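Following: one structure in structure tokens, then a few remarks.
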Amino acid sequence: MFRLAARRARKEIDPALQPREGAILSLRGVTAKYGATTAIRDISLDVMPGEIVTILGANGAGKTTCLNAVMGLVPPAQGHVFFAGEDIVGRSPESIVGHGIALSPEGRRVFGKLTVEENLRIGAGLKGQSKVAERLVEVIELFPVLERKRGDFAGLLSGGEQQMLAIGRALMSGPRLLLLDEPSLGLAPIVVSTVFELIERLRERGITIVLVEQNVDRALKIANRGYVLGTGRIQLSGDAHELREGSAVEEAYLGLGVAT
Amino acid sequence: MTDVAQQLINWLTLGGIYALLALGIAMVFSILGLINFAHGELVTISGYSMVALVSLGVPWALIIPLSVLAAMVAAVMMERVVFRPLRTAPVSALLLASLALSIVIQNIFLLFVGARPKAIDFPTWTSSNFHLGGVVIQWMDVATWVVTAVVLFGVLLFLKHSVRGLALRAAAEDFQTTRLMGIRASGVIRGAFAVSGLLAGVAAFFFLATASLVGPGTGFIPLLNGFIAAVIGGLGSLSGAVLGGFVLAGLNVFFQLVLPDSLLPFSEAIVFGFVILVLLARPNGLMAARSVAVERA
């Protein structure tokens, strides 16, 4: 009885370690390391359902590590990751995917020796196979370009097509939260526009998105809110509209001596 | 002419056995980047389980599937007991562990069963033959061809069309991304070992039937030939492993045929010398797989 009261009291005292009410994803004081190198330090951020939240920052700022910490690929050394209110730190990437988070990794990482359709099928995992047919239809509807290439090896697709395949593959697990790591990387400007339009359409479909980008302007244009990372810490956060209008983002980058 | 036909028969039989062994080794390598030096011991375990089952009076119709099952169980146990605890260790540690495992298993048999090879009482049909236009064909040869073809084709179909096979191919290409599809790493690795055990168990029956003997060191020859065949094909390439098996068997049979009697004792050295030449010309094997090695979490 006494212990219960004490625990409740501690919860009240330390709101810093609580997820935000209603948030689909909350990071609280997350620190992650690769060996002895600290990649991100004391990161706290929130993502509300139906939002596009973008994480910006220069190369090596820790953007990808944030996503990898959420997925359990780089287990946080400290801090908490709450998904729909539940702490998922310590779970394996496989079980986190099962919970409803999917990551489209940096550099696309499509299976080049598998066909487009096989890439999509495997995206549903072993347990999602009963829903494969239904989801294939949905994904192909979103990415009609994949229909014609269904039987082609993914390694033969263009960069833009591979990116769409990587996003489509992530959607095959039916995620509530989609993490996109630099989807515009290495794509021609016109293809970048297509990819960003698609990301907006995914939000319309009720999928919450965390978008890691180097393309600051494009990302802020479609995002609801943004966080700017520098040397592993959050330097700036706010409404995407405000971040675009002001010069704070530029200053945050410049303040770190990194050119945009 | 009949001589050539006879050698063709030998080639197909030996090639089938080597292909089964090489595919098993390549399967595990493609997923873990590990050359399992204890793969030969799966053949040994299969052999001793045949000896045990024969002495219990079990009919061969049951012994064959049970001995294959023994190799599969042993392969899965190897993974669970030895390789899984080392999953985050460097590949060289796994390699050494597999070598150690091979020695430990050999010594267990040495200690508990004895150094003298045990005779396996194969059914009589395995040594019967028939004549076809002057060529003597062993029924065992026919069985080897049919079963090898069925098993290789079955594994191919499994890899090509089943979801688990798809997961294995995906994991062979990019292990970490496969985990991001919600596919459990341990499940995929266990699957690769189970298939490799199945292949070793099937190969064991045909390999052991030639000498009808099994001893603690029986696994060495199958390991050596399976490993070299997999290297010829390009380690990590599954179709390459099958091809490598037939190429290695072809070299064996060819040199047996053309070498003068005085050089025959050195035929293995000559075959492996030729393999070195092949690898000098194509360092990554005939069907070079991408530079493998799993990214380990």
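Residue names in the structure tokens use chain letters A, B, ... in the order shown, residue numbers from 1 in each chain, and ligand numbers from 1 in the order shown.
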
Do me a favour and pick out the residues of chain A within 7 Å of chain B, using only C-alpha atoms, as a short mmCIF file (atom, residue, chain, number, x, y, z; two decimals) with N, CA and C atoms, in the first residue's frame.
data_model
loop_
_atom_site.label_atom_id
_atom_site.label_comp_id
_atom_site.auth_asym_id
_atom_site.auth_seq_id
_atom_site.Cartn_x
_atom_site.Cartn_y
_atom_site.Cartn_z
N PRO A 93 13.71 -5.74 -32.39
CA PRO A 93 13.12 -5.07 -33.56
C PRO A 93 11.93 -5.85 -34.10
N GLU A 94 12.04 -7.19 -34.10
CA GLU A 94 10.96 -8.02 -34.64
C GLU A 94 9.66 -7.78 -33.89
N SER A 95 9.74 -7.71 -32.55
CA SER A 95 8.50 -7.57 -31.79
C SER A 95 7.98 -6.14 -31.88
N VAL A 97 8.12 -4.28 -34.57
CA VAL A 97 7.38 -4.26 -35.83
C VAL A 97 5.99 -4.86 -35.60
N GLY A 98 5.96 -5.96 -34.84
CA GLY A 98 4.69 -6.61 -34.55
C GLY A 98 3.73 -5.70 -33.79
N LEU A 103 9.80 0.67 -40.20
CA LEU A 103 10.88 1.58 -40.60
C LEU A 103 11.24 1.32 -42.05
N ARG A 109 17.51 -0.05 -48.87
CA ARG A 109 17.74 -1.44 -48.47
C ARG A 109 16.68 -2.40 -49.00
N PHE A 111 15.52 -5.66 -51.11
CA PHE A 111 16.21 -6.91 -51.40
C PHE A 111 16.38 -7.03 -52.91
N ILE A 122 7.41 -10.13 -48.25
CA ILE A 122 8.22 -10.33 -47.05
C ILE A 122 8.00 -9.18 -46.07
N GLY A 123 7.56 -8.01 -46.60
CA GLY A 123 7.28 -6.87 -45.74
C GLY A 123 6.18 -7.16 -44.73
N ALA A 124 5.32 -8.11 -45.04
CA ALA A 124 4.22 -8.45 -44.12
C ALA A 124 4.69 -9.39 -43.02
N GLY A 125 5.94 -9.85 -43.10
CA GLY A 125 6.45 -10.78 -42.08
C GLY A 125 5.82 -12.15 -42.22
N LEU A 126 6.17 -13.06 -41.29
CA LEU A 126 5.61 -14.42 -41.38
C LEU A 126 4.19 -14.46 -40.88
#

Item to check | Residue contacts of Ala32 of chain A (8 Å, only C-alpha atoms) excluding same-chain residues fewer than 3 positions away, as a ChimeraX atom specification | outcome: /A:38-41,65,69,74-78

Checklist entry - Using the chain letters and numbers from this document, which residues of segment 41-252 of chain A does DSSP assign to strand (DSSP E), as JSON, numbers by chain? => result {"A": [41, 42, 43, 44, 45, 46, 47, 52, 53, 54, 55, 56, 57, 78, 79, 80, 81, 82, 83, 86, 87, 101, 102, 103, 104, 177, 178, 179, 180, 181, 208, 209, 210, 211, 212, 213, 225, 226, 227, 228, 229, 230, 233, 234, 235, 236, 237, 238, 239]}

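In this model, the gap between atom CA of Thr144 of chain B and atom CA of Ile31 of chain B comes to 27.6 Å.
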
Checklist entry - DSSP says helix (DSSP H, G or I) for which residues of segment 69-230 of chain B? Put them as number ranges by chain? => result B: 69-86, 91-112, 124-127, 139-161, 163-173, 175-179, 185-211, 220-230

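If you measure from each of B:Met140, B:Leu238, B:Gly16, B:Gly217 to Gly114 of chain B using only C-alpha atoms, the closest one turns out to be B:Gly217.
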
Next on the checklist: Env of Gln162 of chain A: 9 Å cut, atoms = only C-alpha atoms, seq-sep filter 5 positions within chain, self excluded. Answer as number ranges by chain.
Outcome noted: A: 108-110, 116, 154-157, 167

With N, CA and C atoms kept, could you save the residues just selected as a CSV table (one decimal), in the first residue's frame?
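File produced: again15.csv:
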chain,number,residue,atom,x,y,z
A,108,ARG,N,17.3,2.9,-48.5
A,108,ARG,CA,16.2,2.0,-49.1
A,108,ARG,C,16.3,0.6,-48.7
A,109,ARG,N,17.5,-0.1,-48.9
A,109,ARG,CA,17.7,-1.4,-48.5
A,109,ARG,C,16.7,-2.4,-49.0
A,110,VAL,N,16.3,-2.2,-50.2
A,110,VAL,CA,15.4,-3.3,-50.8
A,110,VAL,C,16.2,-4.5,-51.1
A,116,VAL,N,10.0,-7.5,-57.0
A,116,VAL,CA,9.2,-6.4,-56.4
A,116,VAL,C,8.1,-7.1,-55.5
A,154,ALA,N,14.2,-6.3,-57.7
A,154,ALA,CA,14.2,-5.0,-57.1
A,154,ALA,C,15.5,-4.2,-57.4
A,155,GLY,N,16.5,-5.0,-57.5
A,155,GLY,CA,17.8,-4.4,-57.8
A,155,GLY,C,17.9,-3.7,-59.1
A,156,LEU,N,16.9,-4.0,-60.0
A,156,LEU,CA,16.9,-3.4,-61.3
A,156,LEU,C,16.1,-2.1,-61.4
A,157,LEU,N,15.4,-1.8,-60.3
A,157,LEU,CA,14.5,-0.6,-60.4
A,157,LEU,C,15.4,0.7,-60.3
A,167,ILE,N,9.1,2.0,-49.1
A,167,ILE,CA,8.0,2.5,-48.3
A,167,ILE,C,6.8,1.5,-48.4

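Nearest-residue note for Glu182 of chain A: choosing from A:Glu245, A:Glu197, A:Glu106, A:Glu138, the minimum distance belongs to A:Glu106, counting only C-alpha atoms.
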
Item to check | Non-local contacts of Leu53 of chain B (10 Å; only C-alpha atoms; under 6 positions in same chain excluded) as a count of residues only | outcome: 9
